[in-house]
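Take a look at the structure set out below.
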Amino acid sequence: MTDDFLPYGKQTITQADLDAVARALQQPLLTTGPLVGEFETAFASRVGAGEAVACSNGTAALHLAAMALGLGPDDVVLAPTQSFMASANGPHYTGAKIVFMDCDPDTGLVTRETFLAALERAGGKASAAVIVHLNGEMADMAAIAAEAQPRGIRLIEDACHAIGTRFAHDGAMADVGSCKYSDMACFSLHPVKTITMGEGGVVTTNDAALASDMRIKRSHGISREPSGFVNKDMAFDSDGSVNPWYHEMQAPGFNYRATDFSCALGLSQLGQLDHFIERRKALKARYDQLLAGFHPSIAVVPTAQDCDPCRHLYPVLIDFALIGKSRATVMAELHALGIGTQVHYIPVHLQPYYRELDPELDLPGAVRYYERALSLPLYPLMQDSDADRVVDALRKVLG
């Protein structure tokens, strides 16, 4: 891979990031230290949520959210099939049964109609639903919440692609993560996402009890809150004071903690978020301009009128049969010209594990989206001229 190769995604690490991590590594606590709380406070403030809970990765965030809702083997959870498999796996780890939702074939997003169709296949009853904001484009949460909330269906936003995306709400703009229509929103801070912790995740919520539950479960289920101690004879000294070593595991948890040095990186990246958003929006606009009327075989993914997206990915939808080349051939020829691409995503209901659970399930919208999707390079270190280069390469490959 040459220096001028353009991958589909790439982290942006600055000297400020390096300095922040170096300072954190010189502190007494490398994990469960003060920077975790600082990062949580800053993240919650940025997206307009009451609480933010940092954890080890986006999958852990989805699992923590599902556990906080008390999901288990007696529960049905609606999950998107056009997403990364963690959207379904997170709640499935609790033992919940997954019923997949189809999507709009041109956006990949769950809609009110596909939500209701999945609910009908679930027998009209579900405990929760995971709604993904694919590519950074926001699903219609208002319409979905209007159907879910009267039925008592709890909503988790899979916002792993969507930090920086905004939407119209009550005459103003709100951030994805503010949980205007959901119980919780889950974020991934993997290197190819808009900001990174190296590996990391965050769950936002406006429910302090949910946040407290997730903080306990991310650290082995251990509680150090004296008012909730069960074994009081072990917890307290004869004078009534708390024994300084004492803690309790009242329910099983996991080791999903975030480190202080990863949160130091997260804090530094959060301070650069406006710049990252600006560059991603500029690159999306450049692609949109270059691809308008480009070729009858290609369509771009549209944006809803009330959404102001910060794109994590820039997919195009290509009719490969029309151009007479397979997707693998197109990807190989682009790679030879220095352009990296990827496919997001293979529908989760077609993965062998889930396919075995429901081999007859047919979700044509997701299949249609998947058959055409190809993600082009998009990351802040790119220049507008790089987008030009990508489209020039696409023109050569498509003839």
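Naming scheme: A, B, ... for chains in displayed order of the structure tokens; residues 1 onward per chain; ligands 1 onward as shown.
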Inset, instruction - Would you return as JSON, numbers by chain the members of range 16-176 of chain A that DSSP assigns to helix (DSSP H, G or I) on this structure's backbone? - result: {"A": [16, 17, 18, 19, 20, 21, 22, 23, 24, 25, 34, 35, 36, 37, 38, 39, 40, 41, 42, 43, 44, 45, 46, 47, 58, 59, 60, 61, 62, 63, 64, 65, 66, 67, 68, 86, 87, 88, 89, 90, 91, 92, 112, 113, 114, 115, 116, 117, 118, 119, 120, 121, 134, 135, 136, 141, 142, 143, 144, 145, 146, 147, 148, 149, 150, 151]}
Residues of the last selection are to be written out with C-alpha atoms, as a short mmCIF file (atom, residue, chain, number, x, y, z; two decimals), in the first residue's frame.
data_model
loop_
_atom_site.label_atom_id
_atom_site.label_comp_id
_atom_site.auth_asym_id
_atom_site.auth_seq_id
_atom_site.Cartn_x
_atom_site.Cartn_y
_atom_site.Cartn_z
CA ALA A 16 -2.51 17.54 20.85
CA ASP A 17 -3.80 13.96 20.99
CA LEU A 18 -0.30 12.56 21.47
CA ASP A 19 0.43 15.09 24.24
CA ALA A 20 -2.85 14.32 26.03
CA VAL A 21 -2.18 10.56 26.04
CA ALA A 22 1.44 11.08 27.15
CA ARG A 23 0.27 13.17 30.12
CA ALA A 24 -2.29 10.53 31.07
CA LEU A 25 0.34 7.80 30.97
CA PRO A 34 -10.38 11.00 36.95
CA LEU A 35 -10.18 11.30 33.16
CA VAL A 36 -13.00 8.79 32.70
CA GLY A 37 -15.42 11.04 34.57
CA GLU A 38 -14.11 14.15 32.81
CA PHE A 39 -14.65 12.56 29.44
CA GLU A 40 -18.15 11.39 30.36
CA THR A 41 -19.13 14.88 31.52
CA ALA A 42 -17.73 16.51 28.36
CA PHE A 43 -19.39 13.98 26.04
CA ALA A 44 -22.80 14.32 27.71
CA SER A 45 -22.55 18.10 27.49
CA ARG A 46 -21.57 17.99 23.84
CA VAL A 47 -24.57 15.91 22.73
CA GLY A 58 -19.26 0.17 20.88
CA THR A 59 -20.34 -3.46 21.24
CA ALA A 60 -19.91 -3.21 25.00
CA ALA A 61 -22.02 -0.04 24.88
CA LEU A 62 -24.86 -1.92 23.16
CA HIS A 63 -24.59 -4.82 25.64
CA LEU A 64 -24.59 -2.47 28.65
CA ALA A 65 -27.66 -0.67 27.31
CA ALA A 66 -29.50 -3.95 26.86
CA MET A 67 -28.58 -5.12 30.36
CA ALA A 68 -29.66 -1.80 31.86
CA ALA A 86 -23.16 -5.79 17.14
CA SER A 87 -26.55 -4.08 16.78
CA ALA A 88 -28.15 -7.50 17.19
CA ASN A 89 -25.46 -9.17 19.27
CA GLY A 90 -25.55 -6.59 22.07
CA PRO A 91 -29.11 -7.41 23.15
CA HIS A 92 -28.75 -11.08 22.13
CA ARG A 112 -41.77 3.20 10.58
CA GLU A 113 -43.08 0.63 8.11
CA THR A 114 -40.22 -1.84 8.53
CA PHE A 115 -40.41 -1.42 12.32
CA LEU A 116 -44.11 -2.30 12.26
CA ALA A 117 -43.56 -5.22 9.89
CA ALA A 118 -40.97 -6.71 12.26
CA LEU A 119 -43.27 -6.14 15.21
CA GLU A 120 -46.01 -8.06 13.41
CA ARG A 121 -43.59 -10.95 12.78
CA LEU A 134 -26.48 4.07 9.29
CA ASN A 135 -23.55 5.96 7.71
CA GLY A 136 -24.35 8.94 9.97
CA MET A 141 -36.90 8.42 15.38
CA ALA A 142 -40.00 10.57 15.83
CA ALA A 143 -42.13 8.25 13.69
CA ILE A 144 -40.67 5.10 15.23
CA ALA A 145 -41.03 6.40 18.78
CA ALA A 146 -44.67 7.30 18.08
CA GLU A 147 -45.29 3.61 17.40
CA ALA A 148 -42.98 2.17 20.06
CA GLN A 149 -43.71 4.23 23.15
CA PRO A 150 -47.48 3.60 23.39
CA ARG A 151 -46.68 -0.13 23.19
#
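Nearest residue to Cys307 in chain A, choosing from A:Met331, A:Met197, A:Ala126, A:Ala168 and counting only C-alpha atoms: A:Ala168.
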Legend entry - Top pick for closest residue to Asp102 in chain A, considering A:Leu78, A:Asp306, A:Lys217, A:Gly123 and counting only C-alpha atoms: A:Leu78
Hey, which bits of range 189-271 of chain A sit within 8 Å of range 309-329 of chain A, and for each residue what's the closest pair of atoms and how far apart in Å (one decimal), counting only C-alpha atoms, rows by chain and increasing number, as a tab-separated table?
residue	atom	partner	partner_atom	distance
A:Val192	CA	A:His312	CA	8.0
A:Lys193	CA	A:His312	CA	6.1
A:Thr194	CA	A:His312	CA	6.2
Using the selection just defined, write its residues with N, CA and C atoms as a PDB file, in the first residue's frame.
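Listed below is the output, selection.pdb:
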ATOM      1  N   VAL A 192     -11.909   4.303  12.866  1.00  0.00           N
ATOM      2  CA  VAL A 192     -12.471   4.863  11.640  1.00  0.00           C
ATOM      3  C   VAL A 192     -13.696   5.737  11.899  1.00  0.00           C
ATOM      4  N   LYS A 193     -14.135   5.847  13.150  1.00  0.00           N
ATOM      5  CA  LYS A 193     -15.275   6.698  13.460  1.00  0.00           C
ATOM      6  C   LYS A 193     -14.839   8.167  13.492  1.00  0.00           C
ATOM      7  N   THR A 194     -15.804   9.073  13.665  1.00  0.00           N
ATOM      8  CA  THR A 194     -15.504  10.507  13.556  1.00  0.00           C
ATOM      9  C   THR A 194     -14.525  10.974  14.618  1.00  0.00           C
TER      10      THR A 194
END
Counting only C-alpha atoms, what are the residues of range 11-113 of chain A within 8 Å of range 346-367 of chain A, and for each of them which pair of atoms is the nearest and at what distance in Å, to one decimal? Sort the table by chain and rising number, as JSON lines.
{"residue": "A:Pro80", "atom": "CA", "partner": "A:Val348", "partner_atom": "CA", "distance": 7.9}
{"residue": "A:Thr81", "atom": "CA", "partner": "A:Val348", "partner_atom": "CA", "distance": 4.7}
{"residue": "A:Gln82", "atom": "CA", "partner": "A:Pro347", "partner_atom": "CA", "distance": 4.9}
{"residue": "A:Ser83", "atom": "CA", "partner": "A:Pro347", "partner_atom": "CA", "distance": 6.8}
{"residue": "A:Phe84", "atom": "CA", "partner": "A:Val348", "partner_atom": "CA", "distance": 7.2}
{"residue": "A:Met85", "atom": "CA", "partner": "A:Val348", "partner_atom": "CA", "distance": 5.7}
{"residue": "A:Ala88", "atom": "CA", "partner": "A:Val348", "partner_atom": "CA", "distance": 7.9}
{"residue": "A:Phe100", "atom": "CA", "partner": "A:His349", "partner_atom": "CA", "distance": 6.9}
{"residue": "A:Met101", "atom": "CA", "partner": "A:Leu363", "partner_atom": "CA", "distance": 7.8}
{"residue": "A:Asp102", "atom": "CA", "partner": "A:Leu363", "partner_atom": "CA", "distance": 5.4}
{"residue": "A:Cys103", "atom": "CA", "partner": "A:Gly365", "partner_atom": "CA", "distance": 5.3}
{"residue": "A:Asp104", "atom": "CA", "partner": "A:Gly365", "partner_atom": "CA", "distance": 5.6}
{"residue": "A:Pro105", "atom": "CA", "partner": "A:Gly365", "partner_atom": "CA", "distance": 4.4}
{"residue": "A:Gly108", "atom": "CA", "partner": "A:Ala366", "partner_atom": "CA", "distance": 6.5}
Convert the current residue selection to file output with N, CA and C atoms, as an mmCIF file, in the first residue's frame.
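Generated file (selection-v5.cif):
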data_model
loop_
_atom_site.group_PDB
_atom_site.id
_atom_site.type_symbol
_atom_site.label_atom_id
_atom_site.label_comp_id
_atom_site.auth_asym_id
_atom_site.auth_seq_id
_atom_site.Cartn_x
_atom_site.Cartn_y
_atom_site.Cartn_z
ATOM 1 N N PRO A 80 -31.896 -4.044 13.653
ATOM 2 C CA PRO A 80 -31.715 -3.813 12.216
ATOM 3 C C PRO A 80 -30.853 -4.896 11.597
ATOM 4 N N THR A 81 -31.226 -5.347 10.425
ATOM 5 C CA THR A 81 -30.379 -6.301 9.720
ATOM 6 C C THR A 81 -29.319 -5.592 8.884
ATOM 7 N N GLN A 82 -29.605 -4.365 8.413
ATOM 8 C CA GLN A 82 -28.604 -3.616 7.647
ATOM 9 C C GLN A 82 -27.808 -2.771 8.647
ATOM 10 N N SER A 83 -26.817 -3.421 9.247
ATOM 11 C CA SER A 83 -25.987 -2.803 10.269
ATOM 12 C C SER A 83 -24.823 -3.731 10.532
ATOM 13 N N PHE A 84 -23.881 -3.280 11.343
ATOM 14 C CA PHE A 84 -22.866 -4.192 11.847
ATOM 15 C C PHE A 84 -23.527 -5.145 12.835
ATOM 16 N N MET A 85 -23.012 -6.346 12.945
ATOM 17 C CA MET A 85 -23.704 -7.403 13.715
ATOM 18 C C MET A 85 -23.830 -7.086 15.197
ATOM 19 N N ALA A 88 -27.351 -6.362 16.742
ATOM 20 C CA ALA A 88 -28.154 -7.503 17.194
ATOM 21 C C ALA A 88 -27.471 -8.246 18.333
ATOM 22 N N PHE A 100 -35.476 -9.433 13.265
ATOM 23 C CA PHE A 100 -34.811 -8.429 12.433
ATOM 24 C C PHE A 100 -35.810 -7.522 11.707
ATOM 25 N N MET A 101 -35.415 -6.259 11.593
ATOM 26 C CA MET A 101 -36.174 -5.260 10.839
ATOM 27 C C MET A 101 -35.523 -5.042 9.486
ATOM 28 N N ASP A 102 -36.326 -4.943 8.455
ATOM 29 C CA ASP A 102 -35.846 -4.598 7.125
ATOM 30 C C ASP A 102 -35.573 -3.093 7.075
ATOM 31 N N CYS A 103 -35.179 -2.598 5.918
ATOM 32 C CA CYS A 103 -34.818 -1.188 5.786
ATOM 33 C C CYS A 103 -35.257 -0.654 4.430
ATOM 34 N N ASP A 104 -35.171 0.654 4.306
ATOM 35 C CA ASP A 104 -35.372 1.300 3.016
ATOM 36 C C ASP A 104 -34.225 0.883 2.089
ATOM 37 N N PRO A 105 -34.502 0.434 0.873
ATOM 38 C CA PRO A 105 -33.429 -0.073 0.004
ATOM 39 C C PRO A 105 -32.474 1.001 -0.488
ATOM 40 N N GLY A 108 -30.827 2.325 3.581
ATOM 41 C CA GLY A 108 -30.380 1.334 4.559
ATOM 42 C C GLY A 108 -30.962 1.539 5.945
#
Inset, instruction - Tell me which of A:Arg224, A:Arg154, A:His275, A:Lys10 sits closest to Val76 in chain A, counting only C-alpha atoms. - result: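 When distances to Val76 in chain A are compared using only C-alpha atoms, the smallest one comes from A:Arg154.
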Inset, instruction - To one decimal in Å, tell me the separation between CA of Val397 in chain A and CA of Thr341 in chain A. - result: 13.1 Å
